[in-house]
>>> print(open('target23.cif').read())   # mmCIF, C-alpha atoms
data_final
loop_
_atom_site.group_PDB
_atom_site.id
_atom_site.type_symbol
_atom_site.label_atom_id
_atom_site.label_comp_id
_atom_site.auth_asym_id
_atom_site.auth_seq_id
_atom_site.Cartn_x
_atom_site.Cartn_y
_atom_site.Cartn_z
ATOM 1 C CA MET A 1 -34.311 21.004 -24.286
ATOM 2 C CA SER A 2 -37.439 19.930 -26.130
ATOM 3 C CA VAL A 3 -38.863 16.426 -25.786
ATOM 4 C CA ALA A 4 -38.106 15.660 -29.447
ATOM 5 C CA HIS A 5 -34.504 16.881 -29.087
ATOM 6 C CA LYS A 6 -34.083 14.839 -25.894
ATOM 7 C CA GLU A 7 -35.411 11.682 -27.584
ATOM 8 C CA ASP A 8 -33.036 12.288 -30.518
ATOM 9 C CA ALA A 9 -30.057 12.528 -28.113
ATOM 10 C CA GLU A 10 -31.136 9.310 -26.382
ATOM 11 C CA THR A 11 -31.506 7.552 -29.741
ATOM 12 C CA LYS A 12 -27.981 8.688 -30.708
ATOM 13 C CA HIS A 13 -26.648 7.409 -27.380
ATOM 14 C CA VAL A 14 -28.366 4.020 -27.792
ATOM 15 C CA LYS A 15 -27.141 3.825 -31.386
ATOM 16 C CA GLY A 16 -23.579 4.708 -30.314
ATOM 17 C CA PHE A 17 -23.733 2.108 -27.549
ATOM 18 C CA LYS A 18 -24.974 -0.522 -29.993
ATOM 19 C CA GLU A 19 -22.103 0.331 -32.357
ATOM 20 C CA ILE A 20 -19.446 0.006 -29.633
ATOM 21 C CA GLU A 21 -20.999 -3.300 -28.522
ATOM 22 C CA ASP A 22 -20.764 -4.599 -32.107
ATOM 23 C CA VAL A 23 -17.133 -3.460 -32.430
ATOM 24 C CA ILE A 24 -16.234 -5.080 -29.103
ATOM 25 C CA ALA A 25 -18.004 -8.330 -30.073
ATOM 26 C CA LYS A 26 -16.164 -8.392 -33.424
ATOM 27 C CA ALA A 27 -12.811 -7.770 -31.714
ATOM 28 C CA ILE A 28 -13.427 -10.447 -29.068
ATOM 29 C CA LYS A 29 -14.244 -12.933 -31.811
ATOM 30 C CA LYS A 30 -11.113 -12.002 -33.781
ATOM 31 C CA ILE A 31 -8.700 -12.525 -30.878
ATOM 32 C CA GLY A 32 -10.593 -15.594 -29.644
ATOM 33 C CA ALA A 33 -11.295 -14.163 -26.206
ATOM 34 C CA ARG A 34 -14.129 -15.116 -23.884
ATOM 35 C CA LYS A 35 -14.500 -11.831 -22.011
ATOM 36 C CA GLU A 36 -14.463 -8.131 -22.860
ATOM 37 C CA ASN A 37 -11.616 -7.500 -20.401
ATOM 38 C CA GLU A 38 -9.284 -9.725 -22.442
ATOM 39 C CA LEU A 39 -9.352 -7.038 -25.162
ATOM 40 C CA CYS A 40 -7.398 -4.683 -22.919
ATOM 41 C CA LYS A 41 -4.095 -6.478 -23.522
ATOM 42 C CA TYR A 42 -4.324 -5.567 -27.227
ATOM 43 C CA LEU A 43 -5.018 -1.856 -26.709
ATOM 44 C CA PRO A 44 -1.921 0.312 -26.116
ATOM 45 C CA MET A 45 -1.969 3.458 -23.991
ATOM 46 C CA LYS A 46 0.022 6.660 -24.582
ATOM 47 C CA SER A 47 1.491 6.403 -21.085
ATOM 48 C CA GLY A 48 2.851 2.936 -21.882
ATOM 49 C CA GLY A 49 1.529 -0.563 -21.423
ATOM 50 C CA TYR A 50 -1.956 -1.732 -22.245
ATOM 51 C CA MET A 51 -5.375 -0.344 -21.323
ATOM 52 C CA HIS A 52 -6.680 -1.048 -17.836
ATOM 53 C CA HIS A 53 -10.062 -2.759 -17.743
ATOM 54 C CA PHE A 54 -11.507 0.153 -15.725
ATOM 55 C CA THR A 55 -10.433 2.527 -18.504
ATOM 56 C CA LEU A 56 -12.063 0.271 -21.106
ATOM 57 C CA ARG A 57 -15.331 0.265 -19.173
ATOM 58 C CA LYS A 58 -15.216 4.043 -18.638
ATOM 59 C CA MET A 59 -14.482 4.760 -22.309
ATOM 60 C CA LYS A 60 -17.221 2.378 -23.394
ATOM 61 C CA TYR A 61 -19.828 4.637 -21.780
ATOM 62 C CA LYS A 62 -18.217 8.079 -21.923
ATOM 63 C CA GLN A 63 -16.114 7.981 -25.121
ATOM 64 C CA PRO A 64 -17.533 5.168 -27.254
ATOM 65 C CA GLN A 65 -16.348 6.627 -30.599
ATOM 66 C CA GLU A 66 -12.763 6.963 -29.382
ATOM 67 C CA LEU A 67 -12.747 3.444 -27.925
ATOM 68 C CA SER A 68 -14.275 2.112 -31.117
ATOM 69 C CA SER A 69 -11.534 3.689 -33.243
ATOM 70 C CA ILE A 70 -8.796 2.309 -30.937
ATOM 71 C CA ILE A 71 -10.258 -1.208 -31.097
ATOM 72 C CA GLU A 72 -10.688 -1.030 -34.867
ATOM 73 C CA ARG A 73 -7.135 0.245 -35.351
ATOM 74 C CA PHE A 74 -5.303 -2.220 -33.100
ATOM 75 C CA VAL A 75 -7.511 -5.318 -33.293
ATOM 76 C CA ILE A 76 -10.054 -5.405 -36.108
ATOM 77 C CA ASN A 77 -8.013 -3.725 -38.893
ATOM 78 C CA SER A 78 -4.742 -5.319 -37.773
ATOM 79 C CA ASP A 79 -3.615 -8.418 -39.655
ATOM 80 C CA ARG A 80 -2.230 -9.968 -36.496
ATOM 81 C CA PRO A 81 -3.282 -8.195 -33.284
ATOM 82 C CA THR A 82 -0.392 -8.248 -30.811
ATOM 83 C CA VAL A 83 -0.466 -8.436 -27.059
ATOM 84 C CA ILE A 84 1.019 -5.268 -25.560
ATOM 85 C CA ALA A 85 3.676 -5.626 -22.860
ATOM 86 C CA PRO A 86 2.488 -4.396 -19.466
ATOM 87 C CA LYS A 87 3.570 -0.992 -18.227
ATOM 88 C CA GLN A 88 6.809 -1.078 -16.259
ATOM 89 C CA ARG A 89 6.069 -0.649 -12.593
ATOM 90 C CA ALA A 90 8.264 -0.110 -9.588
ATOM 91 C CA ALA A 91 9.305 -3.329 -7.898
ATOM 92 C CA ARG A 92 7.290 -4.460 -4.889
ATOM 93 C CA GLY A 93 8.541 -2.817 -1.728
ATOM 94 C CA SER A 94 10.619 -0.276 -3.636
ATOM 95 C CA ARG A 95 8.806 2.623 -2.001
ATOM 96 C CA LYS A 96 9.469 1.406 1.500
ATOM 97 C CA ARG A 97 11.735 3.516 3.618
ATOM 98 C CA ARG A 98 15.210 2.097 3.756
ATOM 99 C CA ASP A 99 16.710 4.337 6.399
ATOM 100 C CA HIS A 100 16.065 1.943 9.268
ATOM 101 C CA MET A 101 17.457 -1.512 9.829
ATOM 102 C CA ASN A 102 15.694 -4.499 11.303
ATOM 103 C CA PHE A 103 17.790 -6.483 13.742
ATOM 104 C CA THR A 104 17.149 -9.873 15.248
ATOM 105 C CA ARG A 105 16.851 -10.149 19.010
ATOM 106 C CA ASN A 106 20.281 -11.792 19.120
ATOM 107 C CA GLN A 107 21.871 -8.947 17.116
ATOM 108 C CA LEU A 108 20.252 -6.341 19.392
ATOM 109 C CA GLU A 109 21.538 -8.104 22.499
ATOM 110 C CA ARG A 110 25.060 -8.239 21.018
ATOM 111 C CA MET A 111 24.960 -4.506 20.198
ATOM 112 C CA LEU A 112 23.612 -3.765 23.684
ATOM 113 C CA ASN A 113 26.520 -5.700 25.212
ATOM 114 C CA ILE A 114 28.994 -3.788 23.020
ATOM 115 C CA ALA A 115 27.406 -0.502 24.172
ATOM 116 C CA ARG A 116 27.667 -1.654 27.813
ATOM 117 C CA LEU A 117 31.349 -2.528 27.365
ATOM 118 C CA ALA A 118 31.943 0.877 25.767
ATOM 119 C CA GLY A 119 29.958 2.586 28.543
ATOM 120 C CA ASP A 120 27.761 4.426 26.037
ATOM 121 C CA LYS A 121 24.652 5.202 28.109
ATOM 122 C CA GLU A 122 22.789 6.874 25.228
ATOM 123 C CA ILE A 123 23.117 3.842 22.953
ATOM 124 C CA ILE A 124 22.248 1.540 25.863
ATOM 125 C CA THR A 125 19.036 3.523 26.444
ATOM 126 C CA ILE A 126 18.132 3.454 22.734
ATOM 127 C CA LEU A 127 18.772 -0.279 22.354
ATOM 128 C CA SER A 128 17.208 -1.385 25.631
ATOM 129 C CA PRO A 129 13.692 -2.710 25.235
ATOM 130 C CA LYS A 130 11.102 -0.326 26.692
ATOM 131 C CA LYS A 131 9.326 -1.815 29.705
ATOM 132 C CA SER A 132 6.167 -0.822 31.498
ATOM 133 C CA LEU A 133 6.366 1.047 34.798
ATOM 134 C CA ALA A 134 5.068 -2.010 36.671
ATOM 135 C CA THR A 135 7.739 -4.249 35.108
ATOM 136 C CA CYS A 136 10.482 -1.724 35.916
ATOM 137 C CA LYS A 137 9.315 -1.497 39.538
ATOM 138 C CA ARG A 138 9.182 -5.279 39.885
ATOM 139 C CA GLU A 139 12.663 -5.770 38.417
ATOM 140 C CA LEU A 140 14.130 -2.921 40.472
ATOM 141 C CA ILE A 141 12.657 -4.279 43.731
ATOM 142 C CA GLN A 142 13.934 -7.756 42.855
ATOM 143 C CA ALA A 143 17.412 -6.353 42.145
ATOM 144 C CA ILE A 144 17.404 -4.395 45.462
ATOM 145 C CA ARG A 145 16.518 -7.601 47.333
ATOM 146 C CA HIS A 146 19.539 -9.286 45.731
ATOM 147 C CA ASN A 147 21.752 -6.215 46.329
ATOM 148 C CA LYS A 148 22.422 -5.886 42.573
ATOM 149 C CA VAL A 149 20.977 -2.590 41.305
ATOM 150 C CA GLU A 150 22.503 -1.502 37.998
ATOM 151 C CA GLN A 151 22.474 2.053 36.671
ATOM 152 C CA GLU A 152 20.753 0.894 33.484
ATOM 153 C CA GLN A 153 17.891 -0.571 35.522
ATOM 154 C CA TRP A 154 17.483 2.660 37.466
ATOM 155 C CA ASN A 155 17.552 4.671 34.202
ATOM 156 C CA GLY A 156 14.829 2.410 32.783
ATOM 157 C CA TYR A 157 12.699 3.010 35.894
ATOM 158 C CA VAL A 158 13.212 6.793 35.659
ATOM 159 C CA GLU A 159 12.211 6.736 31.944
ATOM 160 C CA ALA A 160 9.104 4.667 32.703
ATOM 161 C CA VAL A 161 8.061 7.096 35.482
ATOM 162 C CA GLN A 162 8.614 10.094 33.180
ATOM 163 C CA ALA A 163 6.609 8.447 30.380
ATOM 164 C CA HIS A 164 3.814 7.642 32.866
ATOM 165 C CA GLN A 165 3.756 11.244 34.158
ATOM 166 C CA LEU A 166 3.671 12.583 30.604
ATOM 167 C CA MET A 167 0.785 10.276 29.801
ATOM 168 C CA ILE A 168 -1.126 11.487 32.878
ATOM 169 C CA ALA A 169 -0.421 15.122 31.988
ATOM 170 C CA THR A 170 -1.956 14.646 28.536
ATOM 171 C CA ASP A 171 -4.914 12.551 29.765
ATOM 172 C CA PRO A 172 -5.696 12.879 33.509
ATOM 173 C CA SER A 173 -8.273 10.058 33.340
ATOM 174 C CA LEU A 174 -5.322 7.616 33.088
ATOM 175 C CA ALA A 175 -3.980 8.585 36.550
ATOM 176 C CA HIS A 176 -5.489 5.515 38.227
ATOM 177 C CA HIS A 177 -3.859 3.067 35.798
#
>>> encode(input="target23.cif", output="structure tokens")
Amino acid sequence: MSVAHKEDAETKHVKGFKEIEDVIAKAIKKIGARKENELCKYLPMKSGGYMHHFTLRKMKYKQPQELSSIIERFVINSDRPTVIAPKQRAARGSRKRRDHMNFTRNQLERMLNIARLAGDKEIITILSPKKSLATCKRELIQAIRHNKVEQEQWNGYVEAVQAHQLMIATDPSLAHH
């Protein structure tokens, strides 16, 4: 590209930028806005809703003629520019997984008692809070001293030992902990 051709392209770019700035200024004045971003609410998008301010900024530099024509059509040449309704979005939290329930401590204890009464060891294991190996040992020793060892306590101890052994197998540096 020759120097003259390059300067001509830069002049066109500066001229195009000046034109878009004038169009934006005229539109801001017409709607009585204070900032450029307030224009967005008057510019509809094909996908629905109004133009995002990032899109406005991007078009201002990369597609100034297209942005200029949109602003002229919907703001400057319009008798009464109208505010576009925002794009419908999914409700907050609508994408959260709904396949698990959150229970209060009281509800969990009630379900645990029901499982105990029914003798359902699997449900008891699932609902029982997971304890550390040290806690399980302490509780089991305490229960032995009082001659009251329950199967559930023993199962909890066995699970804690298995989890500890699995942890050591995957990372031997944890063996001392």
>>> resolve_selection(input="target23.cif", expression="the PyMOL selection byres ((chain A and resi 43-60) around 6)", output="list in words")
Asn37, Cys40, Lys41, Tyr42, Tyr61, Lys62, Gln63, Pro64, Ile84, Ala85, Pro86 and Lys87 of chain A
>>> atom_distance(input="target23.cif", atom1="atom CA of A:Val158", atom2="atom CA of A:Thr125")
11.4 Å
>>> resolve_selection(input="target23.cif", expression="the PyMOL selection byres ((chain A and resi 139) around 12)", output="NGL selection string")
:A and (131-138 or 140-146 or 148-150 or 152-154 or 156-157)
>>> atom_distance(input="target23.cif", atom1="atom CA of A:Ile31", atom2="atom CA of A:Gly16")
22.8 Å
>>> closest_residue(input="target23.cif", among="A:Ala163, A:Val23, A:Ile126, A:Ile168", to="A:Arg73", atoms="only C-alpha atoms")
A:Val23
>>> atom_distance(input="target23.cif", atom1="atom CA of A:Arg34", atom2="atom CA of A:Glu66")
22.8 Å
>>> resolve_selection(input="target23.cif", expression="the PyMOL selection byres ((chain A and resi 24) around 9)", output="JSON, numbers by chain")
{"A": [19, 20, 21, 22, 23, 25, 26, 27, 28, 29, 36, 39, 68, 71, 72]}
>>> axis_aligned_box(input="target23.cif", around="stretch 68-71 of chain A", padding_each_side="4 Å", output="AutoDock Vina command-line options")
--center_x -11.5 --center_y 1.2 --center_z -32.1 --size_x 13.5 --size_y 12.9 --size_z 10.3
>>> closest_residue(input="target23.cif", among="A:Ala118, A:Val75, A:Ile70, A:Leu127", to="A:Gly32", atoms="all atoms listed in the file")
A:Val75
